[in-house]
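This is protein.cif. It holds mmCIF, C-alpha atoms.
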```
data_model
loop_
_atom_site.label_atom_id
_atom_site.label_comp_id
_atom_site.auth_asym_id
_atom_site.auth_seq_id
_atom_site.Cartn_x
_atom_site.Cartn_y
_atom_site.Cartn_z
CA MET A 1 115.69 91.10 73.20
CA PRO A 2 117.10 88.82 75.91
CA GLY A 3 116.67 85.08 75.53
CA LYS A 4 113.72 83.31 77.09
CA LYS A 5 113.68 80.44 79.58
CA ILE A 6 111.84 77.27 78.59
CA LEU A 7 111.04 74.43 80.97
CA MET A 8 111.17 71.03 79.25
CA LEU A 9 109.24 68.22 80.96
CA THR A 10 110.71 64.76 80.38
CA GLY A 11 110.61 61.27 81.83
CA GLU A 12 112.56 58.10 81.29
CA PHE A 13 112.26 57.02 77.64
CA THR A 14 111.14 60.38 76.32
CA GLU A 15 111.81 60.56 72.57
CA GLU A 16 115.46 61.50 72.12
CA TYR A 17 115.10 63.75 69.07
CA GLU A 18 112.37 65.70 70.84
CA ILE A 19 114.83 66.42 73.65
CA PHE A 20 118.12 66.96 71.83
CA VAL A 21 117.02 68.69 68.63
CA TYR A 22 114.63 71.03 70.42
CA GLN A 23 117.07 71.93 73.18
CA GLN A 24 119.99 72.58 70.84
CA ALA A 25 117.89 74.63 68.40
CA MET A 26 116.56 76.86 71.18
CA GLU A 27 119.99 77.29 72.71
CA ALA A 28 121.47 78.12 69.29
CA VAL A 29 119.31 81.25 69.11
CA GLY A 30 119.98 82.36 72.68
CA HIS A 31 117.22 80.76 74.72
CA THR A 32 117.77 78.70 77.86
CA VAL A 33 116.18 75.26 78.11
CA HIS A 34 116.00 73.56 81.49
CA VAL A 35 115.46 69.82 81.06
CA VAL A 36 113.76 68.34 84.11
CA CYS A 37 112.41 64.95 85.16
CA PRO A 38 110.52 64.15 88.37
CA ASP A 39 112.86 63.22 91.24
CA LYS A 40 115.98 63.83 89.14
CA ASN A 41 118.74 66.30 89.94
CA ALA A 42 120.94 68.43 87.71
CA GLY A 43 123.68 66.17 86.40
CA ASP A 44 121.57 63.01 86.37
CA LEU A 45 121.06 61.07 83.16
CA ILE A 46 117.82 59.59 81.84
CA LYS A 47 117.37 56.91 79.22
CA THR A 48 115.60 58.00 76.05
CA SER A 49 113.74 56.14 73.33
CA LEU A 50 113.91 56.41 69.57
CA HIS A 51 110.57 55.93 67.85
CA ASP A 52 110.55 55.17 64.15
CA PHE A 53 108.08 54.26 61.44
CA GLU A 54 109.29 51.19 59.59
CA GLY A 55 106.20 49.83 57.87
CA ASP A 56 104.51 48.25 60.89
CA GLN A 57 101.04 49.14 62.11
CA THR A 58 102.58 51.30 64.81
CA TYR A 59 105.95 52.84 65.56
CA THR A 60 108.94 50.80 66.65
CA GLU A 61 110.90 51.68 69.76
CA LYS A 62 114.64 51.46 70.29
CA LEU A 63 116.88 52.60 73.11
CA GLY A 64 118.16 56.09 72.48
CA HIS A 65 121.08 58.03 73.93
CA TYR A 66 121.24 59.13 77.53
CA ALA A 67 120.00 62.68 78.08
CA LEU A 68 121.42 65.05 80.67
CA ILE A 69 119.09 66.61 83.20
CA ASN A 70 120.39 70.16 83.61
CA LYS A 71 118.03 71.44 86.31
CA THR A 72 116.94 69.81 89.56
CA PHE A 73 113.20 69.14 89.38
CA SER A 74 112.42 70.50 92.85
CA ASP A 75 114.32 73.72 92.09
CA ALA A 76 112.36 74.27 88.87
CA GLU A 77 109.10 73.68 90.79
CA ARG A 78 109.94 76.54 93.13
CA GLN A 79 110.96 78.90 90.31
CA LEU A 80 108.12 78.61 87.80
CA ASP A 81 107.71 82.38 87.54
CA GLN A 82 111.12 82.65 85.85
CA TYR A 83 110.02 80.52 82.87
CA HIS A 84 108.42 81.98 79.76
CA ALA A 85 107.10 78.67 78.35
CA VAL A 86 106.75 74.97 79.06
CA TYR A 87 107.54 72.22 76.55
CA CYS A 88 106.13 68.70 76.83
CA ALA A 89 108.37 66.35 74.86
CA GLY A 90 106.87 63.09 73.60
CA GLY A 91 107.85 59.44 73.58
CA ARG A 92 107.12 57.12 76.50
CA GLY A 93 107.87 59.56 79.32
CA PRO A 94 104.52 61.41 79.21
CA GLU A 95 102.47 58.29 79.89
CA TYR A 96 103.81 58.07 83.43
CA ILE A 97 104.91 61.59 84.40
CA ARG A 98 101.40 62.88 83.64
CA THR A 99 100.15 61.10 86.77
CA ASP A 100 102.63 62.99 88.95
CA LYS A 101 100.74 65.70 90.84
CA ARG A 102 103.81 67.95 90.76
CA VAL A 103 103.96 67.77 86.97
CA GLN A 104 100.24 68.52 86.83
CA ALA A 105 100.78 71.57 89.05
CA ILE A 106 103.51 72.82 86.72
CA VAL A 107 101.26 72.50 83.67
CA ARG A 108 98.41 74.17 85.57
CA HIS A 109 100.70 77.14 86.36
CA PHE A 110 101.48 77.73 82.68
CA HIS A 111 97.85 77.31 81.70
CA GLU A 112 96.50 79.65 84.38
CA THR A 113 99.14 82.31 83.74
CA LYS A 114 98.50 82.04 79.97
CA LYS A 115 102.14 81.38 79.18
CA PRO A 116 103.03 79.47 76.00
CA ILE A 117 102.63 75.69 76.06
CA PHE A 118 104.46 73.58 73.49
CA THR A 119 103.65 69.90 72.91
CA ILE A 120 104.78 67.27 70.43
CA CYS A 121 103.87 63.62 69.86
CA HIS A 122 102.76 61.96 73.14
CA GLY A 123 103.53 65.18 75.06
CA VAL A 124 99.83 66.03 74.88
CA GLN A 125 99.21 63.23 77.40
CA ILE A 126 100.77 65.49 80.02
CA LEU A 127 98.40 68.33 79.11
CA ILE A 128 95.22 66.28 79.13
CA ALA A 129 95.95 65.17 82.69
CA VAL A 130 95.13 68.73 83.78
CA ASP A 131 91.49 69.68 83.37
CA GLY A 132 90.87 72.52 80.96
CA VAL A 133 94.30 72.80 79.31
CA VAL A 134 93.25 71.43 75.91
CA ARG A 135 89.52 72.16 76.24
CA GLY A 136 88.46 74.28 73.28
CA LYS A 137 91.90 74.04 71.68
CA LYS A 138 92.92 72.55 68.35
CA VAL A 139 95.85 70.26 69.01
CA GLY A 140 98.14 68.08 66.91
CA ALA A 141 99.71 64.94 68.36
CA LEU A 142 100.50 61.37 67.48
CA ALA A 143 97.30 59.83 66.05
CA ALA A 144 97.13 57.36 68.96
CA CYS A 145 96.40 60.33 71.24
CA GLU A 146 93.30 61.48 69.32
CA PRO A 147 90.73 59.84 71.66
CA GLU A 148 92.36 61.41 74.71
CA VAL A 149 92.45 64.87 73.14
CA THR A 150 88.76 64.55 72.22
CA LEU A 151 87.75 63.28 75.67
CA ALA A 152 89.59 66.23 77.24
CA GLY A 153 87.48 68.65 75.18
CA GLY A 154 90.03 69.47 72.52
CA THR A 155 89.85 69.09 68.76
CA TYR A 156 92.45 66.73 67.36
CA ILE A 157 94.16 68.06 64.22
CA ASP A 158 95.51 65.32 61.94
CA LEU A 159 98.66 67.13 60.81
CA SER A 160 101.05 65.92 58.14
CA PRO A 161 104.23 64.39 59.61
CA THR A 162 106.15 67.61 58.91
CA ASP A 163 103.67 70.30 59.99
CA ALA A 164 102.99 72.13 63.24
CA TYR A 165 99.82 73.84 64.45
CA VAL A 166 99.37 77.02 66.47
CA ASP A 167 96.28 77.79 68.54
CA GLY A 168 96.90 81.01 70.44
CA THR A 169 100.10 80.38 72.37
CA MET A 170 99.86 76.59 72.18
CA VAL A 171 102.08 74.98 69.55
CA SER A 172 101.72 71.30 68.69
CA ALA A 173 102.99 68.71 66.24
CA LYS A 174 102.57 65.01 65.46
CA GLY A 175 106.14 63.87 66.12
CA TRP A 176 109.86 64.38 65.65
CA THR A 177 109.63 64.50 61.85
CA ALA A 178 107.92 67.88 62.33
CA LEU A 179 110.62 69.38 64.53
CA ALA A 180 111.67 72.02 61.99
CA ALA A 181 108.15 73.41 61.64
CA PHE A 182 107.46 72.96 65.36
CA ILE A 183 110.57 74.84 66.42
CA ARG A 184 109.88 77.61 63.88
CA GLU A 185 106.37 78.14 65.33
CA CYS A 186 107.61 77.99 68.92
CA LEU A 187 110.15 80.70 68.10
CA LYS A 188 107.40 82.89 66.63
CA VAL A 189 105.27 82.52 69.75
CA LEU A 190 108.30 83.42 71.88
CA GLY A 191 108.80 86.56 69.78
CA THR A 192 112.14 85.41 68.37
CA GLU A 193 113.08 86.85 64.99
CA ILE A 194 115.80 85.32 62.86
CA ARG A 195 117.12 87.59 60.12
CA HIS A 196 119.40 86.55 57.29
CA ALA A 197 121.93 89.12 56.12
#
```

Show me the file's structure as structure tokens.
Amino acid sequence: MPGKKILMLTGEFTEEYEIFVYQQAMEAVGHTVHVVCPDKNAGDLIKTSLHDFEGDQTYTEKLGHYALINKTFSDAERQLDQYHAVYCAGGRGPEYIRTDKRVQAIVRHFHETKKPIFTICHGVQILIAVDGVVRGKKVGALAACEPEVTLAGGTYIDLSPTDAYVDGTMVSAKGWTALAAFIRECLKVLGTEIRHA
């Protein structure tokens, strides 16, 4: 089976692990991941954030590595039919790119065409900006996103930090500590089989 194409939506200060680990894992098994950010072109760099849990009441935030944008945003917008799934990475990026009408139109395309939608951590903020995407769905995300998921008509699932949840073709997880489970479930939804000899 040929590899699939996944569109990854990012913004400045998206969580670095949720970009790098996901992209490299998908590429390792033959899929193509196009990393896009509004108004950025292929070859541009974005700053990322590193969120950690260090005993405070909420996560801490540090500057992460620069991430390479490998697809011009406007080109991806015009070629949505070529993508098999969309992935909303978490971190700080979702809180501002979700207000971008072009990002909302991209999410709406995947929702209306019933293509897989993958979301982790704060990535769900992008989905809830589009009416109906999480309505009736069970969704995992960072606990701080629970009220938004509920207000958008979804059911928030309080996952363990290392689990992922699948509702139809939507895969979700709480944060980067769940990347192994999250990626495994995304691969299943994409129809990717890994066999050990």

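Against this structure, the PyMOL selection byres ((chain A and resi 183) around 10) ends up with Val21, Tyr22, Gln23, Ala25, Met26, Phe118, Ala164, Val171, Ser172, Ala173, Ala178, Leu179, Ala180, Ala181, Phe182, Arg184, Glu185, Cys186, Leu187, Lys188 and Val189 of chain A.
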
Those same residues - C-alpha atoms - I'd like them written as a PDB file, keeping the file's coordinate frame.
```pdb
ATOM      1  CA  VAL A  21     117.020  68.690  68.630  1.00  0.00           C
ATOM      2  CA  TYR A  22     114.630  71.030  70.420  1.00  0.00           C
ATOM      3  CA  GLN A  23     117.070  71.930  73.180  1.00  0.00           C
ATOM      4  CA  ALA A  25     117.890  74.630  68.400  1.00  0.00           C
ATOM      5  CA  MET A  26     116.560  76.860  71.180  1.00  0.00           C
ATOM      6  CA  PHE A 118     104.460  73.580  73.490  1.00  0.00           C
ATOM      7  CA  ALA A 164     102.990  72.130  63.240  1.00  0.00           C
ATOM      8  CA  VAL A 171     102.080  74.980  69.550  1.00  0.00           C
ATOM      9  CA  SER A 172     101.720  71.300  68.690  1.00  0.00           C
ATOM     10  CA  ALA A 173     102.990  68.710  66.240  1.00  0.00           C
ATOM     11  CA  ALA A 178     107.920  67.880  62.330  1.00  0.00           C
ATOM     12  CA  LEU A 179     110.620  69.380  64.530  1.00  0.00           C
ATOM     13  CA  ALA A 180     111.670  72.020  61.990  1.00  0.00           C
ATOM     14  CA  ALA A 181     108.150  73.410  61.640  1.00  0.00           C
ATOM     15  CA  PHE A 182     107.460  72.960  65.360  1.00  0.00           C
ATOM     16  CA  ARG A 184     109.880  77.610  63.880  1.00  0.00           C
ATOM     17  CA  GLU A 185     106.370  78.140  65.330  1.00  0.00           C
ATOM     18  CA  CYS A 186     107.610  77.990  68.920  1.00  0.00           C
ATOM     19  CA  LEU A 187     110.150  80.700  68.100  1.00  0.00           C
ATOM     20  CA  LYS A 188     107.400  82.890  66.630  1.00  0.00           C
ATOM     21  CA  VAL A 189     105.270  82.520  69.750  1.00  0.00           C
TER      22      VAL A 189
END
```

Selection near region 78-81 of chain A, 10 Å with only C-alpha atoms, sequence-local residues under 3 positions removed, as an mmCIF file with C-alpha atoms, keeping the file's coordinate frame:
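Written file, part-v4.cif:
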```
data_model
loop_
_atom_site.group_PDB
_atom_site.id
_atom_site.type_symbol
_atom_site.label_atom_id
_atom_site.label_comp_id
_atom_site.auth_asym_id
_atom_site.auth_seq_id
_atom_site.Cartn_x
_atom_site.Cartn_y
_atom_site.Cartn_z
ATOM 1 C CA LEU A 7 111.040 74.430 80.970
ATOM 2 C CA PHE A 73 113.200 69.140 89.380
ATOM 3 C CA SER A 74 112.420 70.500 92.850
ATOM 4 C CA ASP A 75 114.320 73.720 92.090
ATOM 5 C CA HIS A 84 108.420 81.980 79.760
ATOM 6 C CA ALA A 85 107.100 78.670 78.350
ATOM 7 C CA VAL A 86 106.750 74.970 79.060
ATOM 8 C CA ILE A 106 103.510 72.820 86.720
ATOM 9 C CA HIS A 109 100.700 77.140 86.360
ATOM 10 C CA PHE A 110 101.480 77.730 82.680
ATOM 11 C CA THR A 113 99.140 82.310 83.740
#
```

Name the residues in contact with Ala144 (chain A) at a cut-off of 12 Å, using only C-alpha atoms, excluding same-chain residues fewer than 5 positions from it; report them as a list in words.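 These residues fall inside the cut-off: Gln57, Thr58, Tyr59, Gly91, Cys121, His122, Gly123, Val124, Gln125, Val149, Thr150, Tyr156, Asp158, Lys174 and Gly175 of chain A.
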
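Distances from A:Pro116, A:Gly136, A:Gly64, A:Gly3 to Tyr87 (chain A) were compared using all atoms listed in the file, and the smallest one belongs to A:Pro116.
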
Given the choices A:Leu190, A:Thr10, A:Val35, A:Val29, which gets closest to Thr48 (chain A) if the distance is worked out from only C-alpha atoms?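 Among the listed residues, the smallest separation from Thr48 (chain A) belongs to A:Thr10.
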
Between CA of Asp100 (chain A) and CA of Lys114 (chain A), what is the distance, to one decimal in Å?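 Distance reported for this atom pair: 21.5 Å.
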
I need the output of the PyMOL selection byres ((chain A and resi 93) around 10) for this file as a list in words; which residues are they? Leu9, Thr10, Gly11, Glu12, Phe13, Thr14, Glu15, Cys37, Lys47, Thr48, Ser49, Cys88, Ala89, Gly90, Gly91, Arg92, Pro94, Glu95, Tyr96, Ile97, Arg98, His122, Gly123, Gln125 and Ile126 of chain A

Separation of CA of Gln104 (chain A) from CA of Gly43 (chain A), in Å and rounded to one decimal: 23.6 Å

Nearest to Ala129 (chain A) among A:Asp52, A:His111, A:Thr99, A:Gly153, with distances taken over all atoms listed in the file: which residue is it?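 Looking at the shortest contact to Ala129 (chain A), the residue is A:Thr99.
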
Could you pull region 41-154 of chain A out of the block above and save it with C-alpha atoms, as an mmCIF file, in the first residue's frame?
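Saved result, result.cif, follows:
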```
data_model
loop_
_atom_site.group_PDB
_atom_site.id
_atom_site.type_symbol
_atom_site.label_atom_id
_atom_site.label_comp_id
_atom_site.auth_asym_id
_atom_site.auth_seq_id
_atom_site.Cartn_x
_atom_site.Cartn_y
_atom_site.Cartn_z
ATOM 1 C CA ASN A 41 6.431 29.218 3.062
ATOM 2 C CA ALA A 42 8.349 25.997 2.540
ATOM 3 C CA GLY A 43 11.814 26.534 3.982
ATOM 4 C CA ASP A 44 10.696 28.942 6.706
ATOM 5 C CA LEU A 45 11.383 28.159 10.350
ATOM 6 C CA ILE A 46 9.002 28.540 13.286
ATOM 7 C CA LYS A 47 9.824 28.700 16.967
ATOM 8 C CA THR A 48 8.480 25.852 19.068
ATOM 9 C CA SER A 49 7.767 25.448 22.762
ATOM 10 C CA LEU A 50 8.589 22.646 25.161
ATOM 11 C CA HIS A 51 5.911 22.034 27.772
ATOM 12 C CA ASP A 52 6.826 20.031 30.840
ATOM 13 C CA PHE A 53 5.273 18.994 34.123
ATOM 14 C CA GLU A 54 7.625 19.850 36.962
ATOM 15 C CA GLY A 55 5.420 19.857 40.051
ATOM 16 C CA ASP A 56 3.683 23.192 39.505
ATOM 17 C CA GLN A 57 -0.074 23.634 39.239
ATOM 18 C CA THR A 58 0.257 23.830 35.474
ATOM 19 C CA TYR A 59 2.859 22.996 32.857
ATOM 20 C CA THR A 60 6.022 25.019 32.407
ATOM 21 C CA GLU A 61 7.019 26.396 29.034
ATOM 22 C CA LYS A 62 10.494 26.660 27.560
ATOM 23 C CA LEU A 63 11.738 27.637 24.130
ATOM 24 C CA GLY A 64 12.106 24.587 21.927
ATOM 25 C CA HIS A 65 14.043 23.995 18.720
ATOM 26 C CA TYR A 66 13.184 25.668 15.454
ATOM 27 C CA ALA A 67 10.930 23.575 13.228
ATOM 28 C CA LEU A 68 11.108 23.553 9.446
ATOM 29 C CA ILE A 69 7.993 24.327 7.452
ATOM 30 C CA ASN A 70 8.157 21.958 4.481
ATOM 31 C CA LYS A 71 5.056 23.062 2.564
ATOM 32 C CA THR A 72 3.845 26.551 1.693
ATOM 33 C CA PHE A 73 0.550 27.170 3.480
ATOM 34 C CA SER A 74 -1.242 28.632 0.452
ATOM 35 C CA ASP A 75 -0.189 25.653 -1.687
ATOM 36 C CA ALA A 76 -1.564 23.169 0.850
ATOM 37 C CA GLU A 77 -4.839 25.138 0.964
ATOM 38 C CA ARG A 78 -5.294 24.629 -2.763
ATOM 39 C CA GLN A 79 -4.431 20.914 -2.627
ATOM 40 C CA LEU A 80 -6.538 19.588 0.242
ATOM 41 C CA ASP A 81 -7.912 16.721 -1.834
ATOM 42 C CA GLN A 82 -4.446 15.123 -1.948
ATOM 43 C CA TYR A 83 -4.310 14.685 1.840
ATOM 44 C CA HIS A 84 -5.617 11.600 3.617
ATOM 45 C CA ALA A 85 -5.670 13.105 7.139
ATOM 46 C CA VAL A 86 -5.123 16.287 9.106
ATOM 47 C CA TYR A 87 -3.122 16.487 12.350
ATOM 48 C CA CYS A 88 -3.538 19.318 14.856
ATOM 49 C CA ALA A 89 -0.401 19.501 16.985
ATOM 50 C CA GLY A 90 -0.670 21.084 20.430
ATOM 51 C CA GLY A 91 1.267 23.638 22.434
ATOM 52 C CA ARG A 92 0.650 27.373 22.116
ATOM 53 C CA GLY A 93 0.130 27.511 18.350
ATOM 54 C CA PRO A 94 -3.508 26.325 18.357
ATOM 55 C CA GLU A 95 -4.718 29.181 20.544
ATOM 56 C CA TYR A 96 -4.080 31.694 17.769
ATOM 57 C CA ILE A 97 -4.203 29.745 14.495
ATOM 58 C CA ARG A 98 -7.713 28.529 15.364
ATOM 59 C CA THR A 99 -9.013 32.057 14.730
ATOM 60 C CA ASP A 100 -7.621 32.024 11.178
ATOM 61 C CA LYS A 101 -10.519 31.506 8.763
ATOM 62 C CA ARG A 102 -8.234 29.615 6.374
ATOM 63 C CA VAL A 103 -7.304 27.121 9.093
ATOM 64 C CA GLN A 104 -10.986 26.735 9.942
ATOM 65 C CA ALA A 105 -11.747 26.034 6.272
ATOM 66 C CA ILE A 106 -9.068 23.333 6.200
ATOM 67 C CA VAL A 107 -10.508 21.623 9.275
ATOM 68 C CA ARG A 108 -14.022 21.922 7.831
ATOM 69 C CA HIS A 109 -12.837 20.165 4.633
ATOM 70 C CA PHE A 110 -11.543 17.147 6.571
ATOM 71 C CA HIS A 111 -14.657 17.029 8.726
ATOM 72 C CA GLU A 112 -17.097 17.273 5.815
ATOM 73 C CA THR A 113 -15.210 14.733 3.699
ATOM 74 C CA LYS A 114 -15.009 12.379 6.708
ATOM 75 C CA LYS A 115 -11.241 12.063 6.478
ATOM 76 C CA PRO A 116 -9.262 11.182 9.616
ATOM 77 C CA ILE A 117 -8.610 13.975 12.109
ATOM 78 C CA PHE A 118 -5.804 13.605 14.636
ATOM 79 C CA THR A 119 -5.434 15.920 17.647
ATOM 80 C CA ILE A 120 -3.167 16.029 20.673
ATOM 81 C CA CYS A 121 -2.911 18.330 23.697
ATOM 82 C CA HIS A 122 -4.139 21.863 22.829
ATOM 83 C CA GLY A 123 -4.674 20.812 19.191
ATOM 84 C CA VAL A 124 -8.356 20.327 19.994
ATOM 85 C CA GLN A 125 -8.662 24.124 20.219
ATOM 86 C CA ILE A 126 -8.327 24.193 16.441
ATOM 87 C CA LEU A 127 -11.157 21.683 16.059
ATOM 88 C CA ILE A 128 -13.593 23.393 18.397
ATOM 89 C CA ALA A 129 -13.288 26.592 16.372
ATOM 90 C CA VAL A 130 -15.255 24.833 13.624
ATOM 91 C CA ASP A 131 -18.864 24.114 14.507
ATOM 92 C CA GLY A 132 -19.758 20.444 14.590
ATOM 93 C CA VAL A 133 -16.290 18.877 14.427
ATOM 94 C CA VAL A 134 -16.237 17.590 18.019
ATOM 95 C CA ARG A 135 -20.010 17.548 18.564
ATOM 96 C CA GLY A 136 -21.017 14.053 19.630
ATOM 97 C CA LYS A 137 -17.394 12.889 19.762
ATOM 98 C CA LYS A 138 -15.381 11.594 22.692
ATOM 99 C CA VAL A 139 -12.115 13.506 22.722
ATOM 100 C CA GLY A 140 -8.957 13.466 24.815
ATOM 101 C CA ALA A 141 -6.891 16.629 25.277
ATOM 102 C CA LEU A 142 -4.995 18.544 27.905
ATOM 103 C CA ALA A 143 -7.299 18.892 30.933
ATOM 104 C CA ALA A 144 -7.353 22.687 30.532
ATOM 105 C CA CYS A 145 -9.303 22.165 27.288
ATOM 106 C CA GLU A 146 -12.156 20.223 28.927
ATOM 107 C CA PRO A 147 -14.582 23.197 29.182
ATOM 108 C CA GLU A 148 -14.077 24.055 25.518
ATOM 109 C CA VAL A 149 -14.647 20.468 24.384
ATOM 110 C CA THR A 150 -17.847 20.315 26.452
ATOM 111 C CA LEU A 151 -19.122 23.674 25.185
ATOM 112 C CA ALA A 152 -18.509 22.511 21.612
ATOM 113 C CA GLY A 153 -20.761 19.490 22.206
ATOM 114 C CA GLY A 154 -18.062 16.889 22.696
#
```
